[in-house]
Each structure stands twice: as structure tokens, then as C-alpha cells.
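Participant: As input, take structure-v1.txt (compact mmCIF, C-alpha atoms):
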```txt
# COMPACT_ATOMS: atom_id res chain seq x y z
CA MET A 1 -12.19 -56.90 41.11
CA ALA A 2 -8.51 -57.80 41.23
CA ILE A 3 -5.79 -57.97 38.57
CA SER A 4 -2.35 -59.56 38.66
CA VAL A 5 0.11 -61.30 36.33
CA ASP A 6 -0.94 -64.66 37.78
CA THR A 7 -2.45 -67.27 35.46
CA PRO A 8 -6.21 -68.01 35.79
CA GLU A 9 -5.27 -71.31 37.49
CA ILE A 10 -3.27 -69.63 40.25
CA SER A 11 -5.99 -66.99 40.73
CA GLN A 12 -8.64 -69.70 40.93
CA ASP A 13 -6.59 -71.44 43.60
CA LEU A 14 -6.32 -68.21 45.59
CA SER A 15 -10.02 -67.46 45.13
CA LYS A 16 -11.08 -70.90 46.34
CA LYS A 17 -8.70 -70.97 49.30
CA ALA A 18 -9.62 -67.48 50.46
CA GLY A 19 -13.31 -67.86 49.57
CA TYR A 20 -13.37 -64.74 47.38
CA SER A 21 -16.53 -64.05 45.39
CA PHE A 22 -15.22 -61.11 43.35
CA THR A 23 -13.78 -61.32 39.82
CA ILE A 24 -10.05 -61.99 39.52
CA LEU A 25 -8.48 -61.25 36.14
CA SER A 26 -5.20 -62.49 34.71
CA ASP A 27 -2.79 -60.19 32.91
CA PRO A 28 0.17 -62.55 32.32
CA ASN A 29 1.87 -60.24 29.80
CA ALA A 30 1.17 -57.16 31.95
CA GLU A 31 -0.56 -55.38 29.04
CA VAL A 32 -3.27 -53.75 31.15
CA ILE A 33 -0.82 -53.23 34.02
CA ARG A 34 1.35 -51.24 31.56
CA ARG A 35 -1.71 -49.33 30.27
CA TYR A 36 -2.33 -48.22 33.86
CA ASP A 37 1.41 -47.41 34.31
CA LEU A 38 1.64 -49.83 37.22
CA LEU A 39 4.45 -52.05 35.93
CA HIS A 40 7.04 -52.92 38.54
CA ALA A 41 9.79 -54.10 36.20
CA ARG A 42 11.65 -57.10 37.66
CA GLY A 43 9.65 -56.63 40.86
CA GLY A 44 8.87 -60.32 41.24
CA PRO A 45 11.12 -63.30 41.91
CA ASP A 46 13.51 -64.29 39.09
CA GLY A 47 13.27 -60.76 37.70
CA HIS A 48 9.61 -61.24 36.75
CA ASP A 49 7.70 -58.10 35.66
CA ILE A 50 4.71 -57.69 37.99
CA ALA A 51 2.15 -55.06 39.01
CA ARG A 52 2.87 -52.64 41.83
CA PRO A 53 0.04 -52.59 44.36
CA ALA A 54 -2.61 -49.96 43.49
CA GLU A 55 -6.36 -49.55 43.99
CA PHE A 56 -8.86 -47.52 41.93
CA LEU A 57 -12.52 -46.87 42.67
CA VAL A 58 -14.20 -46.38 39.30
CA ASP A 59 -17.80 -45.11 38.95
CA SER A 60 -20.32 -46.32 36.37
CA SER A 61 -19.19 -43.67 33.84
CA LYS A 62 -15.68 -45.17 34.21
CA VAL A 63 -14.30 -42.09 35.97
CA VAL A 64 -11.78 -42.72 38.76
CA ARG A 65 -13.20 -41.45 42.07
CA TRP A 66 -10.56 -42.62 44.51
CA VAL A 67 -7.01 -43.99 44.18
CA ASN A 68 -4.42 -45.48 46.49
CA PHE A 69 -0.75 -46.11 45.74
CA THR A 70 1.13 -47.63 48.63
CA GLU A 71 4.69 -46.43 49.29
CA ASP A 72 5.70 -49.80 50.73
CA ILE A 73 4.73 -53.27 49.53
CA ARG A 74 4.44 -54.33 53.17
CA VAL A 75 1.59 -51.83 53.70
CA ARG A 76 -1.74 -52.70 52.09
CA ALA A 77 -4.76 -50.51 51.36
CA LYS A 78 -7.11 -49.94 54.28
CA ALA A 79 -10.46 -51.67 53.78
CA ASP A 80 -12.36 -49.00 55.74
CA GLU A 81 -10.84 -46.27 53.54
CA MET A 82 -12.05 -48.07 50.42
CA LEU A 83 -15.52 -48.56 51.91
CA ALA A 84 -15.68 -44.91 52.96
CA ALA A 85 -14.73 -43.83 49.41
CA ALA A 86 -17.46 -46.07 47.98
CA LYS A 87 -20.05 -44.67 50.41
CA ARG A 88 -19.18 -41.08 49.40
CA LEU A 89 -20.31 -41.80 45.83
CA PRO A 90 -23.71 -40.34 44.88
CA MET B 1 46.00 -61.79 91.89
CA LYS B 2 45.13 -59.81 88.85
CA ASP B 3 44.44 -62.99 86.86
CA MET B 4 41.76 -63.91 89.36
CA VAL B 5 39.60 -60.96 88.39
CA GLU B 6 36.45 -62.39 86.89
CA ARG B 7 35.31 -60.61 83.78
CA ARG B 8 31.68 -59.57 83.64
CA SER B 9 29.34 -61.04 81.08
CA ASN B 10 28.31 -58.73 78.28
CA SER B 11 24.54 -58.55 77.98
CA THR B 12 24.67 -55.48 75.75
CA LEU B 13 25.70 -57.58 72.75
CA LEU B 14 22.91 -60.06 73.45
CA TRP B 15 20.44 -57.20 73.51
CA GLY B 16 21.85 -55.92 70.24
CA PHE B 17 21.37 -59.34 68.66
CA ALA B 18 17.80 -59.62 70.02
CA LEU B 19 16.94 -56.19 68.61
CA ALA B 20 18.45 -57.06 65.22
CA LEU B 21 16.41 -60.27 65.20
CA GLY B 22 13.32 -58.26 66.13
CA ALA B 23 13.98 -55.86 63.24
CA MET B 24 13.81 -58.76 60.77
CA LEU B 25 10.91 -60.57 62.50
CA CYS B 26 8.85 -57.38 62.16
CA ASN B 27 8.60 -58.07 58.42
CA MET B 28 6.84 -61.35 59.12
CA ALA B 29 3.98 -59.68 61.00
CA PHE B 30 1.58 -60.11 58.06
CA PHE B 31 -1.30 -60.71 60.44
CA ILE B 32 -1.22 -57.13 61.72
CA GLN B 33 -4.04 -55.21 60.09
CA PRO B 34 -4.02 -51.63 58.83
CA PRO B 35 -3.61 -48.94 60.11
CA ALA B 36 -1.07 -50.42 62.58
CA GLN B 37 0.48 -52.22 59.61
CA GLY B 38 1.72 -48.88 58.29
CA SER B 39 4.14 -48.54 61.20
CA ILE B 40 5.77 -51.97 60.73
CA PRO B 41 8.41 -50.80 58.20
CA TRP B 42 9.41 -47.90 60.44
CA LEU B 43 9.47 -50.09 63.55
CA SER B 44 11.78 -52.50 61.71
CA LEU B 45 14.15 -49.68 60.71
CA LEU B 46 14.10 -48.21 64.24
CA LEU B 47 14.92 -51.59 65.82
CA ALA B 48 17.78 -52.05 63.33
CA VAL B 49 19.27 -48.66 64.28
CA ILE B 50 18.96 -49.31 68.04
CA ALA B 51 20.49 -52.76 67.49
CA LEU B 52 23.51 -51.10 65.85
CA VAL B 53 23.98 -48.83 68.89
CA PHE B 54 23.84 -51.82 71.27
CA VAL B 55 26.23 -53.89 69.16
CA GLY B 56 28.65 -50.97 68.97
CA LYS B 57 28.52 -50.47 72.72
CA GLY B 58 28.87 -54.22 73.34
CA LEU B 59 31.92 -54.46 71.10
CA TRP B 60 33.48 -51.48 72.84
CA ARG B 61 33.01 -53.18 76.20
CA ILE B 62 34.83 -56.31 75.00
CA PHE B 63 37.75 -54.78 73.17
CA ALA B 64 38.36 -51.37 74.73
CA PRO B 65 40.62 -51.22 77.80
CA PRO B 66 40.21 -51.95 80.62
CA ARG B 67 38.81 -55.24 79.39
CA ILE B 68 36.40 -55.99 82.18
CA HIS B 69 33.98 -57.97 79.97
CA ARG B 70 34.54 -61.47 78.68
CA GLY B 71 33.40 -63.20 75.53
CA ARG B 72 35.67 -62.00 72.75
CA ILE B 73 34.94 -64.96 70.47
CA LEU B 74 31.23 -65.30 71.23
CA GLY B 75 30.96 -61.52 71.08
CA THR B 76 32.49 -61.42 67.63
CA ILE B 77 30.18 -64.17 66.37
CA LEU B 78 27.13 -62.41 67.83
CA THR B 79 28.28 -59.15 66.24
CA ILE B 80 28.59 -60.74 62.79
CA PHE B 81 25.09 -62.27 63.01
CA SER B 82 23.64 -59.04 64.37
CA LEU B 83 25.19 -56.99 61.56
CA LEU B 84 23.86 -59.43 58.94
CA LEU B 85 20.36 -59.13 60.42
CA VAL B 86 20.60 -55.34 60.53
CA ALA B 87 21.81 -55.25 56.91
CA ALA B 88 18.93 -57.54 55.84
CA ALA B 89 16.37 -55.37 57.69
CA VAL B 90 17.70 -52.15 56.12
CA PHE B 91 17.84 -53.79 52.66
CA THR B 92 14.24 -55.04 53.04
CA PHE B 93 13.16 -51.55 54.10
CA PHE B 94 14.53 -49.88 50.96
CA LYS B 95 13.64 -52.77 48.65
CA SER B 96 10.00 -52.73 49.81
CA ARG B 97 9.78 -49.02 49.08
CA SER B 98 11.49 -49.04 45.68
CA LEU B 99 8.23 -48.88 43.76
CA PRO B 100 7.72 -47.27 40.33
CA ILE B 101 6.43 -43.67 40.34
CA SER B 102 3.39 -44.57 38.17
CA ALA B 103 2.97 -40.94 37.07
CA GLY B 104 0.92 -42.12 34.07
CA ALA B 105 -1.59 -44.02 36.18
CA PRO B 106 -5.19 -42.70 36.03
CA GLN B 107 -5.81 -40.07 38.72
CA VAL B 108 -9.06 -38.98 40.42
CA GLY B 109 -11.34 -37.40 37.81
CA GLN B 110 -9.67 -39.21 34.90
CA LYS B 111 -11.14 -42.06 32.88
CA ALA B 112 -10.07 -45.59 33.72
CA PRO B 113 -8.60 -47.18 30.55
CA ASP B 114 -10.67 -50.00 29.06
CA PHE B 115 -9.46 -53.57 29.16
CA THR B 116 -10.49 -57.14 28.52
CA LEU B 117 -8.81 -59.95 30.44
CA ALA B 118 -9.46 -63.59 31.27
CA ASP B 119 -11.09 -64.42 34.60
CA THR B 120 -10.28 -67.53 36.68
CA THR B 121 -12.26 -69.74 34.29
CA GLY B 122 -10.54 -68.27 31.22
CA ARG B 123 -13.63 -66.26 30.20
CA PRO B 124 -12.79 -62.78 28.80
CA ILE B 125 -14.17 -59.96 30.98
CA SER B 126 -14.14 -56.27 30.03
CA LEU B 127 -14.38 -53.22 32.29
CA ASP B 128 -17.87 -52.53 30.84
CA GLN B 129 -18.98 -56.04 31.76
CA LEU B 130 -18.06 -55.40 35.38
CA PHE B 131 -20.75 -52.68 35.47
CA ARG B 132 -23.50 -55.02 34.27
CA PRO B 133 -26.19 -55.80 36.82
CA THR B 134 -25.47 -59.01 38.70
CA ASP B 135 -28.73 -59.25 40.66
CA GLY B 136 -31.05 -56.70 39.09
CA THR B 137 -29.27 -53.45 39.98
CA PRO B 138 -26.06 -52.36 38.25
CA PRO B 139 -23.13 -51.64 40.62
CA LYS B 140 -22.54 -47.98 41.53
CA ALA B 141 -18.81 -48.45 41.22
CA VAL B 142 -16.12 -51.05 40.71
CA LEU B 143 -12.96 -51.33 42.78
CA LEU B 144 -9.92 -52.25 40.67
CA ILE B 145 -7.24 -53.86 42.81
CA PHE B 146 -3.87 -54.36 41.15
CA TYR B 147 -1.73 -56.71 43.23
CA ARG B 148 1.69 -58.27 42.99
CA GLY B 149 0.31 -61.77 42.62
CA TYR B 150 1.39 -65.11 43.97
CA TRP B 151 3.11 -66.31 40.78
```
For the structure just supplied, provide its representation as C-alpha cells.

Facilitator:
Amino acid sequence: MAISVDTPEISQDLSKKAGYSFTILSDPNAEVIRRYDLLHARGGPDGHDIARPAEFLVDSSKVVRWVNFTEDIRVRAKADEMLAAAKRLP
Amino acid sequence: MKDMVERRSNSTLLWGFALALGAMLCNMAFFIQPPAQGSIPWLSLLLAVIALVFVGKGLWRIFAPPRIHRGRILGTILTIFSLLLVAAAVFTFFKSRSLPISAGAPQVGQKAPDFTLADTTGRPISLDQLFRPTDGTPPKAVLLIFYRGYW
């Protein structure tokens, strides 16, 4: 599941082009992004408030089991790390 | 006879420019996958620093006596472009790393805050809904990916 400040239309475009099957949610006013303290104020073009990249693995009791905060926007989360974290869950 | 002395070409400045260009081109290597991707920012910074050394040495060769190297005008132009590229690479390095601290973000062992947001079709989806069974069995976990977006 992915969240950004993009509108549903832009996310749908991305989802179709990339062939994603997971849920993509829109947080245009960055309410949830703020709730998670992930707001990158004026981080986007034209001084747009956007989300900083971050990943959370949440179990079925809604407890965070693994997190990743990149130090550099050019460096993304490692897919095998995320899969390994998911496999470690009981 | 002294005027007949042919001045040597100055490849050091060209190397400096190539390295500065390389430092900026590094940032376009989106196709490189993790974990190698993690070294791209540092490679870019390293190339920028080496480029500076080459440009400095190249300039010295042109302007310091005895002036055995030619290309004062071309050398100056190359230097300006090289320095702009180096400045852009260093700026990109620090800009890409100027991320918020996010000290209040949920940590391992903490509860993930609830939310309800619209999906790509405009339908509201809550965190609880993401744990509902899609094909019989409920998911063990959900991965929340916050990303910068494409605007």
C-alpha cells in the first residue's frame, strides 16, 4: 500500500503504467503524512508540501514491525529487506 | 626562437570537466538497483571533489609560469563549466539529504495511527480495511509506503 500527496487521478495513471496491483491512497492535504510525522515541508517543486520517503511494515494488530527512513531521496528502500522483514513475522 | 616553442595541450582540464560531468550524470542513474544505488550519492560527491583537484591543477598549468601549456581562453571556459557542474553536484548531494527528522513517526513496537484516504477510484479506504481478507485469508501484515509522489 502506498501513500502520497498525488491526486487519485495521478496515482491511477502511475498504477496503470507500472501495472501495480496494490492500493494507492491519496493524501492531497498531507493530513495522514503529518499524523505520521513524515511531512517534508516545501520538499516538492514550487514549494509544495510532500511526504518524505518512509516504509512501515504493520502487523494485523496494527503494530509497526519494521521501519525504514532513507537518508537520501536518491536511495530507495531495498525490496529484499522488506520481504525479509515480512517473512520474519510469525 | 623562443616564440617558436609550441605549448603543450592541457588534458588535465578536460579530465576535470569530464569528472564534473560524471558527478552530475551519476544522479541520473535511476536504473541502478539497491544496494548499489546507496553508493551513487557518495560516488557523485567523490567525482566532484576529484574534478576540483583536476581543474585546479589544469588552471595552474595554464597560468603559472613557465607557461608551457596553451589554451587560456578555452581553459577558462572549461573551468567555469566544470565549476558549475561541481557546484550543482554538491548542491544536489546536500539537497537530497535534507530530509525532516521525523522523530514523531511510529517506531518498531508502536501502533500505526489510523487513517482513511481515497484510493485511485476515489473510494475511501481505512487502515483496518487493508487487513480484510482479499481472497479468503486476511493478510499477515501491510506495508505502508510513503513516497514523494509524481505531482

Participant: Which one of B:Ala29, B:Leu78, B:Leu43, B:Ala112 sits closest to chain A if you count all atoms listed in the file?

Facilitator: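 With all atoms listed in the file as the atom set, the closest residue is B:Ala112.
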
Participant: Let me make sure I understand: among A:Lys87, A:Val63, A:Phe69, A:Asp6, which one has the smallest atom-to-atom distance to A:Ala30 if we use only C-alpha atoms?

Facilitator: A:Asp6

Participant: Taking into account all atoms listed in the file, which residue in the set A:Glu55, A:Lys17, A:Leu83, A:Arg34 is nearest to chain B?

Facilitator: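 Of A:Glu55, A:Lys17, A:Leu83, A:Arg34, the one nearest chain B, counting all atoms listed in the file, is A:Glu55.
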
Participant: When distances are computed from all atoms listed in the file, which of B:Pro113, B:Gly149, B:Gly16, B:Gly122 shows the smallest separation from B:Ile80?

Facilitator: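 For B:Ile80, the nearest of the given residues is B:Gly16.
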
Participant: Please provide as JSON, numbers by chain all residues within 9 Å of stretch 72-80 of chain A, with the sequence filter that same-chain residues fewer than 4 positions apart are discarded (counting only C-alpha atoms).

Facilitator: {"A": [52, 53, 54, 55, 68, 84, 85], "B": [27, 30, 33, 34, 35, 37, 38, 39, 40, 41, 93, 94, 95, 96, 97, 98, 99, 148]}

Participant: Rounded to one decimal, what separation in Å do you get between atom CA of B:Asp114 and atom CA of B:Leu143?

Facilitator: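 So the two atoms, atom CA of B:Asp114 and atom CA of B:Leu143, lie 14.0 Å apart.
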
Participant: Smallest atom-to-atom distance to A:Ile24: which of A:Leu38, A:Ser4, A:Arg65, A:Thr70, using all atoms listed in the file?

Facilitator: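 Closest residue, counting all atoms listed in the file: A:Ser4.
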
Participant: What are the closest atom pairs, with distances in Å to one decimal, for all residues of chain B lying within 6 Å of chain A? Consider only C-alpha atoms, order rows by chain and residue number, and present the result as a Markdown table.

Facilitator:
```
| residue | atom | partner | partner_atom | distance |
| --- | --- | --- | --- | --- |
| B:Pro34 | CA | A:Lys78 | CA | 5.8 |
| B:Gly38 | CA | A:Val75 | CA | 5.5 |
| B:Ser96 | CA | A:Asp72 | CA | 5.3 |
| B:Arg97 | CA | A:Asp72 | CA | 4.5 |
| B:Pro100 | CA | A:His40 | CA | 6.0 |
| B:Ser102 | CA | A:Asp37 | CA | 5.2 |
| B:Gly104 | CA | A:Asp37 | CA | 5.3 |
| B:Ala105 | CA | A:Tyr36 | CA | 4.9 |
| B:Val108 | CA | A:Val64 | CA | 4.9 |
| B:Gly109 | CA | A:Val64 | CA | 5.4 |
| B:Gln110 | CA | A:Val63 | CA | 5.6 |
| B:Lys111 | CA | A:Val63 | CA | 4.4 |
| B:Ala112 | CA | A:Lys62 | CA | 5.6 |
| B:Leu117 | CA | A:Leu25 | CA | 5.9 |
| B:Ala118 | CA | A:Leu25 | CA | 5.5 |
| B:Asp119 | CA | A:Leu25 | CA | 4.4 |
| B:Thr120 | CA | A:Pro8 | CA | 4.2 |
| B:Lys140 | CA | A:Ser60 | CA | 5.9 |
| B:Ala141 | CA | A:Asp59 | CA | 4.2 |
| B:Val142 | CA | A:Val58 | CA | 5.2 |
| B:Leu143 | CA | A:Leu57 | CA | 4.5 |
| B:Leu144 | CA | A:Phe56 | CA | 5.0 |
| B:Ile145 | CA | A:Ala2 | CA | 4.4 |
| B:Phe146 | CA | A:Ile3 | CA | 4.8 |
| B:Tyr147 | CA | A:Pro53 | CA | 4.6 |
| B:Arg148 | CA | A:Ala51 | CA | 5.1 |
| B:Gly149 | CA | A:Ser4 | CA | 5.3 |
| B:Trp151 | CA | A:Asp6 | CA | 5.3 |
```

Participant: Between atom CA of B:Ala89 and atom CA of B:Ala48, measure the distance and give it in Å to one decimal.

Facilitator: 6.7 Å

Participant: Could you jot down the atom CA of B:Phe54 to atom CA of B:Leu13 separation for me, Å, one decimal place?

Facilitator: 6.2 Å

Participant: I need the residue nearest B:Ser44 from this list: B:Pro138, B:Gly58, B:Pro65, B:Gly22. Use all atoms listed in the file for the distance.

Facilitator: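 Ranking B:Pro138, B:Gly58, B:Pro65, B:Gly22 by distance to B:Ser44, first place goes to B:Gly22.
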